[in-house]
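What follows is a short report on a single structure.
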Amino acid sequence: PKRIIRRADWIRDARSKLQAKPRRHRDKFSCWWRRAYKLRRKMATGRTALLLLLLVVHAACLSGAADAPDPAEPVCNIERRHRLSESEFVSEYQGIKPLVVTDINDNIDFAKELALASLKEKHGSEVVILSTSNTFSYDKVEMRFDDYIDSVVSKPHTVHKSANESLYMFGDNYQPWLEELLLGYDRVPFGENQALSFGIGAHLSGVPFHMHGPGFSEVLSGSKRWFLYPRGMVPEFDPEKTTLNWFYERYEEQREKGHLYECVISPGEVLYFPYGWYHATLNIGAETVFISTFTQEHEEHISGGAV
């Protein structure tokens with residue numbers, strides 16, 4: 001290559017000129033040349049070491065990414081039932097343990113009406129009330145429905161987003177258009193004094209662990225991953241961090257300790273959660289539309305809830 005030839009010519013010219021100078025100049029130049037050569041060797045060695053270090057770190061990152069748990073993994077250690085009767089539900093599950101059941105209602109046609117493009121076209125100018133994703137949903141924010149779909153739901157949540165920055169449409173369904181919309185929902189045939197709550201969440205959104213009364217959750221679009229702990233057990237979590245943070249930081253450790261119930265439910269499936277069970281959720285999919293049905297349970301069912 002020309003660059004090597006030019007460098008060889010420069011070295012040859014420098015040596016010939018050096019021979020014409022007094023010895024003290026030749027010794028000085030020789031000393032400088034040796035120092036420069038050693039310095040260059042050290043720099044080359046340093047660059048090699050840095051490159052190796054970067055390769056090791058990169059390999060470790062790839063290995064860690066491969067070993068990281070997948071939020072969308074279709075896991076489920078909760079019992080599944082098909083066409084459950086009310087007497088079976090009351091005797092085997094109510095107040096006792098969670099359940100995933102299918103074919104107890106029919107919302108196939110209703111789910112088609114909840115396509116976000118259609119909802120946005122019909123109700124985009126409506127103002128909805130959003131909650132932050134803290135355990136207790138401290139703050140409420142008002143936003144146009146179409147803005148919520150475009151600026152929040154369309155962007156998957158990340159671990160860098162804190163719970164008080166993550167907005168979530170769930171509950172606060174007191175607007176006339178939402179009440180009218182919910183009239184088309186085929187309700188779960190179990191539970192007394194039912195109250196419906198409509199929700200739409202972005203991919204990997206959700207709320208951290210919390211507990212309240214019993215109820216049912218049905219996904220009409222997308223999927224939802226549930227994490228539950230039996231009544232009387234308190235999971236380790238930070239109420240100010242999102243479920244996604246908990247999942248990557250503590251999920252595997254908590255799962256190995258046992259007692260964790262979890263399941264990914266999809267359209268056509270209804271999950272029952274008993275009174276007093278801590279639970280957290282994680283929405284899976286570009287758009288997750290769901291309805292929760294909150295109910296009441298008699299004292300004998302509440303008192304028999306330990307598993």
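Lettering and numbering for the structure tokens are positional, with chains as A, B, ... in the shown order, residues counted from 1 in each chain, and ligands counted from 1 in the shown order.
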**OP:** Based on DSSP run over this structure's backbone, return all residues of stretch 53-159 of chain A in strand (DSSP E), as a list in words.
**Re:**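 Of stretch 53-159 of chain A, the ones in strand (DSSP E) are Arg80, Arg81, His82, Leu99, Val100, Val101, Thr102, Val127, Val128, Ile129, Leu130, Ser131, Thr132, Lys140, Val141, Glu142, Met143 and Arg144 of chain A.
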With all heavy atoms retained, could you export that selection as a compact mmCIF listing (two decimals), in the first residue's frame?
```txt
# COMPACT_ATOMS: atom_id res chain seq x y z
N ARG A 80 -57.91 -24.02 34.96
CA ARG A 80 -58.81 -23.60 33.90
C ARG A 80 -60.03 -24.53 33.87
O ARG A 80 -59.90 -25.75 33.97
CB ARG A 80 -58.11 -23.64 32.54
CG ARG A 80 -57.25 -22.41 32.23
CD ARG A 80 -56.76 -22.48 30.79
NE ARG A 80 -56.36 -21.19 30.28
CZ ARG A 80 -55.10 -20.78 30.17
NH1 ARG A 80 -54.13 -21.58 30.56
NH2 ARG A 80 -54.82 -19.58 29.68
N ARG A 81 -61.20 -23.89 33.70
CA ARG A 81 -62.43 -24.67 33.60
C ARG A 81 -63.24 -24.20 32.40
O ARG A 81 -63.09 -23.07 31.92
CB ARG A 81 -63.26 -24.50 34.88
CG ARG A 81 -62.65 -25.12 36.13
CD ARG A 81 -62.70 -26.63 36.11
NE ARG A 81 -64.07 -27.14 36.09
CZ ARG A 81 -64.77 -27.41 37.19
NH1 ARG A 81 -64.24 -27.19 38.40
NH2 ARG A 81 -65.99 -27.89 37.09
N HIS A 82 -64.12 -25.10 31.95
CA HIS A 82 -64.96 -24.81 30.78
C HIS A 82 -66.42 -24.94 31.16
O HIS A 82 -66.84 -25.97 31.72
CB HIS A 82 -64.61 -25.79 29.66
CG HIS A 82 -65.40 -25.61 28.41
ND1 HIS A 82 -65.24 -24.52 27.59
CD2 HIS A 82 -66.36 -26.39 27.83
CE1 HIS A 82 -66.07 -24.63 26.56
NE2 HIS A 82 -66.76 -25.74 26.68
N LEU A 99 -59.34 -18.56 39.37
CA LEU A 99 -59.83 -19.48 38.36
C LEU A 99 -59.85 -18.77 37.01
O LEU A 99 -60.13 -17.58 36.92
CB LEU A 99 -61.26 -19.93 38.72
CG LEU A 99 -62.09 -20.59 37.63
CD1 LEU A 99 -61.58 -22.01 37.36
CD2 LEU A 99 -63.57 -20.63 38.03
N VAL A 100 -59.55 -19.52 35.94
CA VAL A 100 -59.73 -19.03 34.58
C VAL A 100 -60.81 -19.90 33.94
O VAL A 100 -60.68 -21.13 33.90
CB VAL A 100 -58.42 -19.12 33.76
CG1 VAL A 100 -58.67 -18.71 32.32
CG2 VAL A 100 -57.35 -18.23 34.38
N VAL A 101 -61.86 -19.27 33.46
CA VAL A 101 -62.99 -20.02 32.93
C VAL A 101 -63.37 -19.50 31.55
O VAL A 101 -63.22 -18.31 31.25
CB VAL A 101 -64.19 -19.94 33.90
CG1 VAL A 101 -64.64 -18.50 34.09
CG2 VAL A 101 -65.35 -20.81 33.44
N THR A 102 -63.85 -20.39 30.70
CA THR A 102 -64.27 -20.03 29.34
C THR A 102 -65.72 -20.42 29.13
O THR A 102 -66.28 -21.26 29.84
CB THR A 102 -63.40 -20.75 28.29
OG1 THR A 102 -63.50 -22.16 28.49
CG2 THR A 102 -61.95 -20.33 28.40
N VAL A 127 -63.56 13.41 26.71
CA VAL A 127 -62.49 13.53 27.70
C VAL A 127 -62.56 12.33 28.65
O VAL A 127 -63.63 12.04 29.20
CB VAL A 127 -62.60 14.85 28.50
CG1 VAL A 127 -61.56 14.89 29.60
CG2 VAL A 127 -62.45 16.04 27.57
N VAL A 128 -61.44 11.64 28.82
CA VAL A 128 -61.39 10.49 29.72
C VAL A 128 -60.49 10.82 30.91
O VAL A 128 -59.64 11.71 30.84
CB VAL A 128 -60.85 9.24 28.99
CG1 VAL A 128 -61.83 8.80 27.93
CG2 VAL A 128 -59.48 9.50 28.38
N ILE A 129 -60.70 10.11 31.99
CA ILE A 129 -59.93 10.30 33.21
C ILE A 129 -58.91 9.18 33.32
O ILE A 129 -59.26 8.00 33.34
CB ILE A 129 -60.84 10.32 34.45
CG1 ILE A 129 -61.88 11.43 34.32
CG2 ILE A 129 -60.01 10.51 35.72
CD1 ILE A 129 -62.92 11.44 35.43
N LEU A 130 -57.65 9.55 33.36
CA LEU A 130 -56.56 8.59 33.44
C LEU A 130 -55.98 8.55 34.84
O LEU A 130 -55.99 9.56 35.56
CB LEU A 130 -55.47 8.94 32.43
CG LEU A 130 -55.92 9.20 30.99
CD1 LEU A 130 -54.74 9.60 30.13
CD2 LEU A 130 -56.62 7.97 30.41
N SER A 131 -55.47 7.40 35.22
CA SER A 131 -54.82 7.24 36.52
C SER A 131 -53.35 6.95 36.32
O SER A 131 -52.95 6.37 35.30
CB SER A 131 -55.46 6.08 37.30
OG SER A 131 -56.85 6.28 37.46
N THR A 132 -52.53 7.36 37.29
CA THR A 132 -51.13 6.95 37.27
C THR A 132 -51.05 5.48 37.68
O THR A 132 -52.00 4.93 38.27
CB THR A 132 -50.29 7.81 38.22
OG1 THR A 132 -50.86 7.76 39.54
CG2 THR A 132 -50.27 9.25 37.74
N LYS A 140 -54.84 11.76 39.09
CA LYS A 140 -55.78 11.64 37.99
C LYS A 140 -55.46 12.73 36.95
O LYS A 140 -55.14 13.86 37.31
CB LYS A 140 -57.22 11.80 38.46
CG LYS A 140 -57.64 10.82 39.55
CD LYS A 140 -57.74 9.40 39.02
CE LYS A 140 -58.21 8.45 40.10
NZ LYS A 140 -58.31 7.04 39.63
N VAL A 141 -55.55 12.36 35.68
CA VAL A 141 -55.24 13.28 34.58
C VAL A 141 -56.38 13.20 33.57
O VAL A 141 -56.81 12.10 33.20
CB VAL A 141 -53.90 12.93 33.90
CG1 VAL A 141 -53.66 13.85 32.72
CG2 VAL A 141 -52.76 13.02 34.90
N GLU A 142 -56.85 14.34 33.12
CA GLU A 142 -57.87 14.38 32.08
C GLU A 142 -57.21 14.56 30.72
O GLU A 142 -56.28 15.35 30.56
CB GLU A 142 -58.87 15.51 32.34
CG GLU A 142 -59.75 15.28 33.55
CD GLU A 142 -60.84 16.33 33.66
OE1 GLU A 142 -60.82 17.31 32.88
OE2 GLU A 142 -61.72 16.19 34.53
N MET A 143 -57.72 13.82 29.73
CA MET A 143 -57.14 13.87 28.39
C MET A 143 -58.20 13.47 27.37
O MET A 143 -59.08 12.66 27.67
CB MET A 143 -55.93 12.92 28.31
CG MET A 143 -55.19 12.93 26.98
SD MET A 143 -53.81 11.73 26.95
CE MET A 143 -52.69 12.45 28.16
N ARG A 144 -58.12 14.06 26.20
CA ARG A 144 -59.02 13.63 25.12
C ARG A 144 -58.75 12.16 24.79
O ARG A 144 -57.60 11.70 24.82
CB ARG A 144 -58.81 14.49 23.89
CG ARG A 144 -59.54 15.82 23.90
CD ARG A 144 -59.19 16.62 22.66
NE ARG A 144 -59.42 15.88 21.43
CZ ARG A 144 -60.33 16.20 20.50
NH1 ARG A 144 -61.12 17.24 20.68
NH2 ARG A 144 -60.45 15.48 19.39
```
**OP:** Please provide as a list in words all residues within 8 Å of A:Ser217, with the sequence filter that same-chain residues fewer than 3 positions apart are discarded (counting only C-alpha atoms).
**Re:** Val270, Leu271, Tyr272, Phe290, Ile291, Ser292 and Thr293 of chain A
Original post:
So, counting only C-alpha atoms, which residue among A:Trp246, A:Phe190, A:Tyr229, A:Tyr93 is closest to A:Ala163?
Top reply: A:Trp246
Subject >> In stretch 85-260 of chain A, DSSP helix (DSSP H, G or I) residues written as a ChimeraX atom specification >> reply: /A:86-92,108-112,116-123,145-153,163-165,176-182,243-257
Selected residues, C-alpha atoms, written as a PDB file, in the first residue's frame, please.
```
ATOM      1  CA  GLU A  86     -72.742 -21.289  39.519  1.00  0.00           C
ATOM      2  CA  SER A  87     -72.977 -24.010  42.178  1.00  0.00           C
ATOM      3  CA  GLU A  88     -69.570 -25.358  41.152  1.00  0.00           C
ATOM      4  CA  PHE A  89     -68.088 -21.882  41.253  1.00  0.00           C
ATOM      5  CA  VAL A  90     -69.470 -21.151  44.732  1.00  0.00           C
ATOM      6  CA  SER A  91     -68.407 -24.481  46.256  1.00  0.00           C
ATOM      7  CA  GLU A  92     -64.970 -24.840  44.675  1.00  0.00           C
ATOM      8  CA  ILE A 108     -67.362 -11.900  20.400  1.00  0.00           C
ATOM      9  CA  ASP A 109     -69.567  -9.362  18.623  1.00  0.00           C
ATOM     10  CA  PHE A 110     -69.193  -6.809  21.402  1.00  0.00           C
ATOM     11  CA  ALA A 111     -65.395  -7.030  21.137  1.00  0.00           C
ATOM     12  CA  LYS A 112     -65.590  -6.051  17.465  1.00  0.00           C
ATOM     13  CA  LEU A 116     -59.602   1.358  18.788  1.00  0.00           C
ATOM     14  CA  ALA A 117     -59.906   2.872  15.326  1.00  0.00           C
ATOM     15  CA  SER A 118     -63.681   2.685  15.582  1.00  0.00           C
ATOM     16  CA  LEU A 119     -63.766   3.977  19.166  1.00  0.00           C
ATOM     17  CA  LYS A 120     -61.491   6.870  18.272  1.00  0.00           C
ATOM     18  CA  GLU A 121     -63.636   7.835  15.310  1.00  0.00           C
ATOM     19  CA  LYS A 122     -66.838   7.790  17.368  1.00  0.00           C
ATOM     20  CA  HIS A 123     -65.596   9.136  20.699  1.00  0.00           C
ATOM     21  CA  PHE A 145     -59.676  10.025  24.222  1.00  0.00           C
ATOM     22  CA  ASP A 146     -57.994  10.298  20.803  1.00  0.00           C
ATOM     23  CA  ASP A 147     -54.919  11.903  22.394  1.00  0.00           C
ATOM     24  CA  TYR A 148     -54.710   9.035  24.865  1.00  0.00           C
ATOM     25  CA  ILE A 149     -54.811   6.486  22.045  1.00  0.00           C
ATOM     26  CA  ASP A 150     -52.259   8.346  19.891  1.00  0.00           C
ATOM     27  CA  SER A 151     -49.796   9.500  22.552  1.00  0.00           C
ATOM     28  CA  VAL A 152     -50.025   6.783  25.220  1.00  0.00           C
ATOM     29  CA  VAL A 153     -51.505   3.518  23.949  1.00  0.00           C
ATOM     30  CA  ALA A 163     -45.194   4.526  37.803  1.00  0.00           C
ATOM     31  CA  ASN A 164     -46.304   8.111  38.401  1.00  0.00           C
ATOM     32  CA  GLU A 165     -45.477   8.917  34.750  1.00  0.00           C
ATOM     33  CA  PRO A 176     -72.428   8.826  29.570  1.00  0.00           C
ATOM     34  CA  TRP A 177     -70.756   7.427  26.444  1.00  0.00           C
ATOM     35  CA  LEU A 178     -68.882   4.805  28.470  1.00  0.00           C
ATOM     36  CA  GLU A 179     -71.969   3.835  30.435  1.00  0.00           C
ATOM     37  CA  GLU A 180     -73.854   3.409  27.182  1.00  0.00           C
ATOM     38  CA  LEU A 181     -70.984   1.421  25.681  1.00  0.00           C
ATOM     39  CA  LEU A 182     -70.973  -1.034  28.604  1.00  0.00           C
ATOM     40  CA  THR A 243     -45.223  -3.949  37.109  1.00  0.00           C
ATOM     41  CA  LEU A 244     -42.694  -4.106  34.270  1.00  0.00           C
ATOM     42  CA  ASN A 245     -39.929  -2.989  36.645  1.00  0.00           C
ATOM     43  CA  TRP A 246     -40.981  -5.597  39.186  1.00  0.00           C
ATOM     44  CA  PHE A 247     -41.091  -8.255  36.489  1.00  0.00           C
ATOM     45  CA  TYR A 248     -37.494  -7.724  35.380  1.00  0.00           C
ATOM     46  CA  GLU A 249     -36.094  -7.051  38.851  1.00  0.00           C
ATOM     47  CA  ARG A 250     -37.943  -9.470  41.152  1.00  0.00           C
ATOM     48  CA  TYR A 251     -40.185 -11.838  39.232  1.00  0.00           C
ATOM     49  CA  GLU A 252     -37.822 -14.802  38.957  1.00  0.00           C
ATOM     50  CA  GLU A 253     -36.790 -14.557  42.608  1.00  0.00           C
ATOM     51  CA  GLN A 254     -40.421 -14.346  43.739  1.00  0.00           C
ATOM     52  CA  ARG A 255     -41.454 -17.231  41.502  1.00  0.00           C
ATOM     53  CA  GLU A 256     -38.742 -19.486  42.933  1.00  0.00           C
ATOM     54  CA  LYS A 257     -40.047 -18.814  46.458  1.00  0.00           C
TER      55      LYS A 257
END
```
Original post:
Which neighbours of A:Asp103 fall inside 8 Å, counting only C-alpha atoms, when residues of the same chain fewer than 2 positions from it are skipped, and could you give them as a ChimeraX atom specification?
Top reply: /A:82-83,101,105-106,268-269
Original post:
Of the residues A:Gly213, A:Pro208, A:Pro74, A:Gly232, which is the one nearest to A:His279, using only C-alpha atoms?
Top reply: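 The closest residue to A:His279 is A:Pro208.
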Original post:
Which one is closest to A:Lys155: A:Val219, A:Gly285, A:Thr135, A:Val264? Count only C-alpha atoms.
Top reply: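 Result for the nearest residue to A:Lys155: A:Gly285.
Candidate residues A:Asp172, A:Ser125, A:His212, A:Thr295 were compared for distance to A:Pro189, and the nearest is A:Thr295, using only C-alpha atoms.
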**OP:** Find the distance between atom CA of A:Phe227 and atom CA of A:Leu183 and write it in Å to one decimal.
**Re:** 29.1 Å
**OP:** For atom CA of A:Pro71 and atom CA of A:Ile200, quote the distance in Å rounded to one decimal.
**Re:** 18.1 Å
